[in-house]
$ cat structure_16.pdb   # PDB, C-alpha atoms
ATOM      1  CA  MET A   1      12.286 -22.599  22.744
ATOM      2  CA  THR A   2      14.055 -20.422  25.315
ATOM      3  CA  THR A   3      15.866 -21.852  28.323
ATOM      4  CA  ALA A   4      13.200 -20.509  30.695
ATOM      5  CA  VAL A   5      10.380 -22.074  28.674
ATOM      6  CA  ARG A   6      12.179 -25.435  28.499
ATOM      7  CA  ILE A   7      12.604 -25.345  32.263
ATOM      8  CA  MET A   8       8.915 -24.463  32.798
ATOM      9  CA  GLU A   9       7.815 -27.307  30.500
ATOM     10  CA  ALA A  10       9.972 -29.741  32.470
ATOM     11  CA  ALA A  11       8.614 -28.323  35.734
ATOM     12  CA  ARG A  12       5.030 -28.852  34.556
ATOM     13  CA  ALA A  13       5.765 -32.505  33.737
ATOM     14  CA  CYS A  14       7.471 -33.092  37.094
ATOM     15  CA  LEU A  15       4.781 -31.246  39.027
ATOM     16  CA  LEU A  16       2.041 -33.318  37.434
ATOM     17  CA  ALA A  17       3.935 -36.517  38.206
ATOM     18  CA  ASP A  18       5.104 -35.702  41.748
ATOM     19  CA  GLY A  19       3.053 -32.772  43.116
ATOM     20  CA  TYR A  20       4.458 -29.574  44.606
ATOM     21  CA  ALA A  21       5.588 -31.079  47.906
ATOM     22  CA  ARG A  22       7.784 -33.664  46.161
ATOM     23  CA  LEU A  23       8.895 -31.450  43.287
ATOM     24  CA  SER A  24      12.657 -31.440  42.998
ATOM     25  CA  THR A  25      14.566 -28.744  41.123
ATOM     26  CA  ARG A  26      17.261 -31.348  40.444
ATOM     27  CA  LYS A  27      14.696 -33.566  38.712
ATOM     28  CA  VAL A  28      13.369 -30.580  36.749
ATOM     29  CA  ALA A  29      16.899 -29.667  35.625
ATOM     30  CA  ASP A  30      17.547 -33.261  34.540
ATOM     31  CA  LYS A  31      14.257 -33.419  32.620
ATOM     32  CA  ALA A  32      15.036 -30.090  30.914
ATOM     33  CA  GLY A  33      18.582 -31.241  30.132
ATOM     34  CA  MET A  34      20.026 -28.208  31.910
ATOM     35  CA  PRO A  35      22.339 -27.589  34.823
ATOM     36  CA  LEU A  36      20.562 -26.899  38.108
ATOM     37  CA  SER A  37      22.135 -23.450  38.172
ATOM     38  CA  GLN A  38      19.854 -22.402  35.265
ATOM     39  CA  ILE A  39      16.770 -22.859  37.431
ATOM     40  CA  HIS A  40      18.253 -20.669  40.134
ATOM     41  CA  TYR A  41      19.430 -18.119  37.568
ATOM     42  CA  HIS A  42      16.040 -17.816  35.855
ATOM     43  CA  PHE A  43      13.641 -18.438  38.738
ATOM     44  CA  GLY A  44      15.506 -18.261  42.055
ATOM     45  CA  GLY A  45      14.370 -21.741  43.107
ATOM     46  CA  LYS A  46      11.433 -24.112  43.271
ATOM     47  CA  ARG A  47       8.797 -21.634  44.441
ATOM     48  CA  GLY A  48       9.772 -19.019  41.858
ATOM     49  CA  LEU A  49       9.766 -21.638  39.111
ATOM     50  CA  VAL A  50       6.292 -22.951  39.883
ATOM     51  CA  LEU A  51       4.857 -19.456  40.327
ATOM     52  CA  ALA A  52       6.358 -18.415  36.976
ATOM     53  CA  LEU A  53       4.809 -21.487  35.355
ATOM     54  CA  LEU A  54       1.429 -20.749  36.914
ATOM     55  CA  ASP A  55       1.611 -17.063  35.962
ATOM     56  CA  HIS A  56       2.548 -17.871  32.359
ATOM     57  CA  GLU A  57      -0.325 -20.319  31.904
ATOM     58  CA  ASN A  58      -2.736 -18.136  33.855
ATOM     59  CA  GLN A  59      -2.156 -15.148  31.546
ATOM     60  CA  LEU A  60      -2.841 -17.283  28.487
ATOM     61  CA  LEU A  61      -6.015 -18.786  29.929
ATOM     62  CA  VAL A  62      -7.463 -15.546  31.282
ATOM     63  CA  GLY A  63      -6.874 -14.060  27.822
ATOM     64  CA  ARG A  64      -8.690 -17.029  26.302
ATOM     65  CA  GLN A  65     -11.657 -16.469  28.657
ATOM     66  CA  ARG A  66     -11.823 -12.749  27.859
ATOM     67  CA  GLU A  67     -11.861 -13.504  24.144
ATOM     68  CA  MET A  68     -14.506 -16.213  24.520
ATOM     69  CA  TYR A  69     -16.813 -14.067  26.675
ATOM     70  CA  ALA A  70     -16.402 -11.107  24.286
ATOM     71  CA  ALA A  71     -18.013 -13.159  21.490
ATOM     72  CA  SER A  72     -21.572 -12.417  20.406
ATOM     73  CA  GLU A  73     -22.858 -15.928  21.202
ATOM     74  CA  PRO A  74     -25.711 -16.235  23.699
ATOM     75  CA  LEU A  75     -24.481 -16.162  27.282
ATOM     76  CA  TRP A  76     -25.471 -19.793  27.892
ATOM     77  CA  LYS A  77     -23.361 -20.867  24.913
ATOM     78  CA  ARG A  78     -20.340 -18.961  26.225
ATOM     79  CA  TYR A  79     -20.768 -20.509  29.678
ATOM     80  CA  GLU A  80     -21.005 -23.941  28.031
ATOM     81  CA  GLN A  81     -17.675 -23.191  26.340
ATOM     82  CA  ALA A  82     -16.220 -22.264  29.746
ATOM     83  CA  CYS A  83     -17.264 -25.711  31.008
ATOM     84  CA  ASP A  84     -15.579 -27.278  27.973
ATOM     85  CA  PHE A  85     -12.451 -25.240  28.717
ATOM     86  CA  LEU A  86     -12.418 -26.732  32.223
ATOM     87  CA  GLU A  87     -11.912 -30.141  30.630
ATOM     88  CA  ASP A  88      -9.001 -28.747  28.568
ATOM     89  CA  ASP A  89      -7.483 -27.114  31.651
ATOM     90  CA  LEU A  90      -7.715 -30.345  33.637
ATOM     91  CA  ALA A  91      -6.046 -32.277  30.804
ATOM     92  CA  SER A  92      -3.261 -29.705  30.391
ATOM     93  CA  GLY A  93      -2.364 -29.823  34.082
ATOM     94  CA  TYR A  94      -3.119 -26.135  34.699
ATOM     95  CA  VAL A  95      -5.814 -26.947  37.271
ATOM     96  CA  ARG A  96      -3.454 -29.257  39.158
ATOM     97  CA  VAL A  97      -0.699 -26.606  39.208
ATOM     98  CA  LEU A  98      -3.171 -23.968  40.436
ATOM     99  CA  GLN A  99      -4.564 -26.213  43.167
ATOM    100  CA  GLU A 100      -1.041 -27.225  44.257
ATOM    101  CA  MET A 101      -0.088 -23.554  44.579
ATOM    102  CA  ILE A 102      -3.295 -22.738  46.474
ATOM    103  CA  ALA A 103      -2.358 -25.473  48.957
ATOM    104  CA  ALA A 104       1.233 -24.172  49.154
ATOM    105  CA  GLY A 105      -0.194 -20.718  49.855
ATOM    106  CA  TRP A 106      -1.836 -21.964  53.038
ATOM    107  CA  SER A 107       1.559 -22.002  54.709
ATOM    108  CA  ASP A 108       3.454 -19.461  52.582
ATOM    109  CA  THR A 109       2.048 -15.930  52.573
ATOM    110  CA  GLU A 110       4.111 -14.824  49.592
ATOM    111  CA  VAL A 111       2.764 -17.695  47.495
ATOM    112  CA  ALA A 112      -0.765 -16.953  48.730
ATOM    113  CA  GLN A 113      -0.514 -13.310  47.663
ATOM    114  CA  GLN A 114       0.807 -14.189  44.213
ATOM    115  CA  VAL A 115      -1.862 -16.849  43.651
ATOM    116  CA  LEU A 116      -4.622 -14.464  44.784
ATOM    117  CA  SER A 117      -3.249 -11.797  42.469
ATOM    118  CA  MET A 118      -3.392 -14.215  39.527
ATOM    119  CA  MET A 119      -6.911 -15.343  40.409
ATOM    120  CA  ARG A 120      -8.131 -11.745  40.344
ATOM    121  CA  GLY A 121      -7.997 -11.878  36.545
ATOM    122  CA  TRP A 122     -10.492 -14.752  36.462
ATOM    123  CA  PHE A 123     -12.892 -12.990  38.816
ATOM    124  CA  GLU A 124     -12.635  -9.739  36.842
ATOM    125  CA  VAL A 125     -13.688 -11.581  33.673
ATOM    126  CA  LEU A 126     -16.615 -13.161  35.510
ATOM    127  CA  GLU A 127     -17.687  -9.820  36.947
ATOM    128  CA  GLU A 128     -17.692  -8.286  33.451
ATOM    129  CA  VAL A 129     -19.952 -11.141  32.303
ATOM    130  CA  ALA A 130     -22.250 -10.644  35.316
ATOM    131  CA  LEU A 131     -22.449  -6.923  34.506
ATOM    132  CA  GLU A 132     -23.443  -7.844  30.942
ATOM    133  CA  ALA A 133     -26.109 -10.211  32.278
ATOM    134  CA  GLU A 134     -27.464  -7.510  34.589
ATOM    135  CA  ALA A 135     -27.615  -5.023  31.708
ATOM    136  CA  ARG A 136     -29.436  -7.533  29.468
ATOM    137  CA  PHE A 137     -31.768  -9.241  31.936
ATOM    138  CA  GLY A 138     -32.217  -6.684  34.699
ATOM    139  CA  SER A 139     -31.838  -7.366  38.399
ATOM    140  CA  LEU A 140     -29.710 -10.291  39.529
ATOM    141  CA  GLY A 141     -31.927 -10.644  42.579
ATOM    142  CA  PRO A 142     -30.054 -10.244  45.844
ATOM    143  CA  PHE A 143     -26.680 -10.566  44.072
ATOM    144  CA  SER A 144     -24.413  -7.825  42.858
ATOM    145  CA  PRO A 145     -22.367  -8.638  39.732
ATOM    146  CA  ALA A 146     -19.335  -9.088  42.035
ATOM    147  CA  ASP A 147     -21.311 -11.510  44.249
ATOM    148  CA  LEU A 148     -22.415 -13.568  41.266
ATOM    149  CA  ALA A 149     -18.885 -13.598  39.819
ATOM    150  CA  GLY A 150     -17.614 -14.800  43.186
ATOM    151  CA  LEU A 151     -20.154 -17.616  43.378
ATOM    152  CA  VAL A 152     -19.411 -18.851  39.850
ATOM    153  CA  GLY A 153     -15.633 -18.556  40.253
ATOM    154  CA  LEU A 154     -15.649 -20.292  43.619
ATOM    155  CA  ALA A 155     -17.914 -23.049  42.264
ATOM    156  CA  PHE A 156     -15.309 -23.759  39.586
ATOM    157  CA  LEU A 157     -12.391 -23.609  42.047
ATOM    158  CA  GLY A 158     -14.100 -25.915  44.509
ATOM    159  CA  GLY A 159     -15.257 -28.191  41.713
ATOM    160  CA  GLU A 160     -11.711 -28.428  40.376
ATOM    161  CA  ALA A 161     -10.411 -29.401  43.811
ATOM    162  CA  VAL A 162     -13.034 -32.151  44.132
ATOM    163  CA  ILE A 163     -12.406 -33.423  40.593
ATOM    164  CA  LEU A 164      -8.691 -33.738  41.392
ATOM    165  CA  LEU A 165      -9.560 -36.021  44.315
ATOM    166  CA  GLY A 166     -10.501 -38.549  41.651
ATOM    167  CA  ASP A 167     -13.713 -40.070  43.020
ATOM    168  CA  ASP A 168     -15.875 -40.884  39.972
ATOM    169  CA  GLU A 169     -19.183 -40.211  41.718
ATOM    170  CA  TRP A 170     -18.047 -36.761  42.884
ATOM    171  CA  VAL A 171     -16.512 -35.960  39.493
ATOM    172  CA  VAL A 172     -19.883 -36.597  37.847
ATOM    173  CA  ARG A 173     -21.691 -34.528  40.501
ATOM    174  CA  VAL A 174     -19.362 -31.558  40.002
ATOM    175  CA  ARG A 175     -19.498 -31.643  36.214
ATOM    176  CA  THR A 176     -23.290 -32.017  36.248
ATOM    177  CA  ALA A 177     -23.772 -29.150  38.715
ATOM    178  CA  LEU A 178     -21.494 -26.779  36.792
ATOM    179  CA  ARG A 179     -23.200 -27.603  33.506
ATOM    180  CA  ARG A 180     -26.696 -27.265  35.031
ATOM    181  CA  VAL A 181     -26.077 -23.488  35.050
ATOM    182  CA  ILE A 182     -26.282 -23.681  31.240
ATOM    183  CA  ASP A 183     -29.969 -24.623  31.592
ATOM    184  CA  LEU A 184     -30.578 -21.688  33.938
ATOM    185  CA  LEU A 185     -28.877 -19.201  31.593
ATOM    186  CA  ARG A 186     -30.707 -20.613  28.580
ATOM    187  CA  ALA A 187     -34.057 -20.238  30.355
ATOM    188  CA  LEU A 188     -33.208 -16.658  31.349
ATOM    189  CA  GLU A 189     -32.299 -15.799  27.766
ATOM    190  CA  ASP A 190     -35.369 -17.540  26.322
ATOM    191  CA  ASN A 191     -37.650 -15.705  28.771
ATOM    192  CA  HIS A 192     -35.937 -12.405  27.996
ATOM    193  CA  ILE A 193     -36.347 -12.886  24.238
ATOM    194  CA  GLY A 194     -39.982 -13.952  24.677
ATOM    195  CA  SER A 195     -40.905 -10.897  26.762
TER     196      SER A 195
END
$ encode --input "structure_16.pdb" --output "structure tokens"
Amino acid sequence: MTTAVRIMEAARACLLADGYARLSTRKVADKAGMPLSQIHYHFGGKRGLVLALLDHENQLLVGRQREMYAASEPLWKRYEQACDFLEDDLASGYVRVLQEMIAAGWSDTEVAQQVLSMMRGWFEVLEEVALEAEARFGSLGPFSPADLAGLVGLAFLGGEAVILLGDDEWVVRVRTALRRVIDLLRALEDNHIGS
């Protein structure tokens, strides 16, 4: 494992334990068993470290989504897998890191721009899926593929934020609502096959 990867792994653990606001590069260095100077050498500081961590994980997960949506499974089955992936992403801490950086971006324009740039990959994947749906099923009603991708992506982002708040009733509501789309997609596909 390279020095940079060891530092990012330690940063993930500290971020999950303490949040971005209380994240300390000293604590990260101690957890990684490295001098503090290595964080500054590799990442420039706290913000650079967390953005590098987010970017690294984001690239892996967007790649995973592209691969999953490229499969020949019915669309409803692929969306169901996306919902399952949400559970994995919550457990891994990725969602927490993303939401922490979104919040940091509210007061730091550079962070905001980098986070938005990373999120573009997710919305591009969703737009490709919406284009596929339009080609298979016809009109998406009043929605363009970009509109539909935006609605689905924002539903997940908002749902993730609510899930992280930890209220059991809301967690169930979010998970149920996101998974209810599976029923809609399945009905669309069944109607399309039957016609």
$ resolve_selection --input "structure_16.pdb" --expression "the PyMOL selection byres ((chain A and resi 133) around 12)" --output "PyMOL selection string"
chain A and resi 69+74-76+79+126-132+134-141+143-146+148-149+185-186+188-189+192
$ closest_residue --input "structure_16.pdb" --among "A:Glu9, A:Glu160, A:Glu100, A:Glu67" --to "Glu87 in chain A" --atoms "all atoms listed in the file"
A:Glu160
$ resolve_selection --input "structure_16.pdb" --expression "the PyMOL selection byres ((chain A and resi 163-173) around 12)" --output "PyMOL selection string"
chain A and resi 16+19+86-87+89-91+93-100+155-162+174-180
$ closest_residue --input "structure_16.pdb" --among "A:Val50, A:Leu23, A:Val152, A:Cys83" --to "Ile102 in chain A" --atoms "only C-alpha atoms"
A:Val50
$ residues_around --input "structure_16.pdb" --residues "Leu51 in chain A" --least-positions-apart "6" --cutoff "8 Å" --atoms "all atoms listed in the file" --output "PDB file with C-alpha atoms, keeping the file's coordinate frame"
ATOM      1  CA  MET A 101      -0.088 -23.554  44.579  1.00  0.00           C
ATOM      2  CA  VAL A 111       2.764 -17.695  47.495  1.00  0.00           C
ATOM      3  CA  GLN A 114       0.807 -14.189  44.213  1.00  0.00           C
ATOM      4  CA  VAL A 115      -1.862 -16.849  43.651  1.00  0.00           C
TER       5      VAL A 115
END
$ atom_distance --input "structure_16.pdb" --atom1 "CA of Lys31 in chain A" --atom2 "CA of Met8 in chain A"
10.4 Å
$ axis_aligned_box --input "structure_16.pdb" --around "range 19-27 of chain A" --padding-each-side "4 Å" --output "lines of an AutoDock Vina configuration file"
center_x = 10.2
center_y = -31.2
center_z = 43.3
size_x = 22.2
size_y = 12.9
size_z = 17.2
$ closest_residue --input "structure_16.pdb" --among "A:Ile7, A:Leu184, A:Leu151, A:Ala71" --to "Leu36 in chain A" --atoms "all atoms listed in the file"
A:Ile7
$ closest_residue --input "structure_16.pdb" --among "A:Asp147, A:Asp108, A:Asp183, A:Glu124" --to "Arg47 in chain A" --atoms "all atoms listed in the file"
A:Asp108
$ atom_distance --input "structure_16.pdb" --atom1 "CA of Leu49 in chain A" --atom2 "CA of Phe85 in chain A"
24.8 Å
$ closest_residue --input "structure_16.pdb" --among "A:His42, A:Arg78, A:Arg120, A:Arg64" --to "Thr2 in chain A" --atoms "all atoms listed in the file"
A:His42
$ atom_distance --input "structure_16.pdb" --atom1 "CA of Ala103 in chain A" --atom2 "CA of Tyr20 in chain A"
9.1 Å
$ closest_residue --input "structure_16.pdb" --among "A:Gly45, A:Lys77, A:Met119, A:Val5" --to "Asn58 in chain A" --atoms "all atoms listed in the file"
A:Met119
$ residues_around --input "structure_16.pdb" --residues "Ala32 in chain A" --least-positions-apart "3" --cutoff "9 Å" --atoms "only C-alpha atoms" --output "count of residues only"
11
$ build_atoms --input "structure_16.pdb" --residues "range 62-74 of chain A" --atoms "N, CA, C and O atoms" --output "PDB file, in the frame of the given file"
ATOM      1  N   VAL A  62      -6.575 -16.686  31.017  1.00  0.00           N
ATOM      2  CA  VAL A  62      -7.463 -15.546  31.282  1.00  0.00           C
ATOM      3  C   VAL A  62      -7.725 -14.803  29.968  1.00  0.00           C
ATOM      4  O   VAL A  62      -8.856 -14.395  29.689  1.00  0.00           O
ATOM      5  N   GLY A  63      -6.697 -14.670  29.143  1.00  0.00           N
ATOM      6  CA  GLY A  63      -6.874 -14.060  27.822  1.00  0.00           C
ATOM      7  C   GLY A  63      -7.861 -14.849  26.970  1.00  0.00           C
ATOM      8  O   GLY A  63      -8.713 -14.271  26.278  1.00  0.00           O
ATOM      9  N   ARG A  64      -7.763 -16.162  27.031  1.00  0.00           N
ATOM     10  CA  ARG A  64      -8.690 -17.029  26.302  1.00  0.00           C
ATOM     11  C   ARG A  64     -10.130 -16.794  26.783  1.00  0.00           C
ATOM     12  O   ARG A  64     -11.055 -16.691  25.985  1.00  0.00           O
ATOM     13  N   GLN A  65     -10.317 -16.687  28.107  1.00  0.00           N
ATOM     14  CA  GLN A  65     -11.657 -16.469  28.657  1.00  0.00           C
ATOM     15  C   GLN A  65     -12.209 -15.109  28.222  1.00  0.00           C
ATOM     16  O   GLN A  65     -13.380 -15.002  27.866  1.00  0.00           O
ATOM     17  N   ARG A  66     -11.364 -14.087  28.278  1.00  0.00           N
ATOM     18  CA  ARG A  66     -11.823 -12.749  27.859  1.00  0.00           C
ATOM     19  C   ARG A  66     -12.300 -12.776  26.409  1.00  0.00           C
ATOM     20  O   ARG A  66     -13.346 -12.217  26.079  1.00  0.00           O
ATOM     21  N   GLU A  67     -11.510 -13.417  25.563  1.00  0.00           N
ATOM     22  CA  GLU A  67     -11.861 -13.504  24.144  1.00  0.00           C
ATOM     23  C   GLU A  67     -13.171 -14.277  23.957  1.00  0.00           C
ATOM     24  O   GLU A  67     -14.040 -13.871  23.197  1.00  0.00           O
ATOM     25  N   MET A  68     -13.314 -15.387  24.651  1.00  0.00           N
ATOM     26  CA  MET A  68     -14.506 -16.213  24.520  1.00  0.00           C
ATOM     27  C   MET A  68     -15.745 -15.459  25.005  1.00  0.00           C
ATOM     28  O   MET A  68     -16.772 -15.456  24.338  1.00  0.00           O
ATOM     29  N   TYR A  69     -15.648 -14.783  26.145  1.00  0.00           N
ATOM     30  CA  TYR A  69     -16.813 -14.067  26.675  1.00  0.00           C
ATOM     31  C   TYR A  69     -17.110 -12.785  25.892  1.00  0.00           C
ATOM     32  O   TYR A  69     -18.215 -12.254  25.973  1.00  0.00           O
ATOM     33  N   ALA A  70     -16.161 -12.296  25.111  1.00  0.00           N
ATOM     34  CA  ALA A  70     -16.402 -11.107  24.286  1.00  0.00           C
ATOM     35  C   ALA A  70     -17.171 -11.450  23.007  1.00  0.00           C
ATOM     36  O   ALA A  70     -17.638 -10.563  22.308  1.00  0.00           O
ATOM     37  N   ALA A  71     -17.301 -12.725  22.699  1.00  0.00           N
ATOM     38  CA  ALA A  71     -18.013 -13.159  21.490  1.00  0.00           C
ATOM     39  C   ALA A  71     -19.493 -12.791  21.578  1.00  0.00           C
ATOM     40  O   ALA A  71     -20.016 -12.502  22.659  1.00  0.00           O
ATOM     41  N   SER A  72     -20.161 -12.825  20.437  1.00  0.00           N
ATOM     42  CA  SER A  72     -21.572 -12.417  20.406  1.00  0.00           C
ATOM     43  C   SER A  72     -22.533 -13.591  20.609  1.00  0.00           C
ATOM     44  O   SER A  72     -23.728 -13.421  20.482  1.00  0.00           O
ATOM     45  N   GLU A  73     -22.018 -14.753  20.931  1.00  0.00           N
ATOM     46  CA  GLU A  73     -22.858 -15.928  21.202  1.00  0.00           C
ATOM     47  C   GLU A  73     -23.769 -15.647  22.398  1.00  0.00           C
ATOM     48  O   GLU A  73     -23.446 -14.832  23.248  1.00  0.00           O
ATOM     49  N   PRO A  74     -24.882 -16.370  22.493  1.00  0.00           N
ATOM     50  CA  PRO A  74     -25.711 -16.235  23.699  1.00  0.00           C
ATOM     51  C   PRO A  74     -24.872 -16.572  24.941  1.00  0.00           C
ATOM     52  O   PRO A  74     -23.938 -17.377  24.869  1.00  0.00           O
TER      53      PRO A  74
END
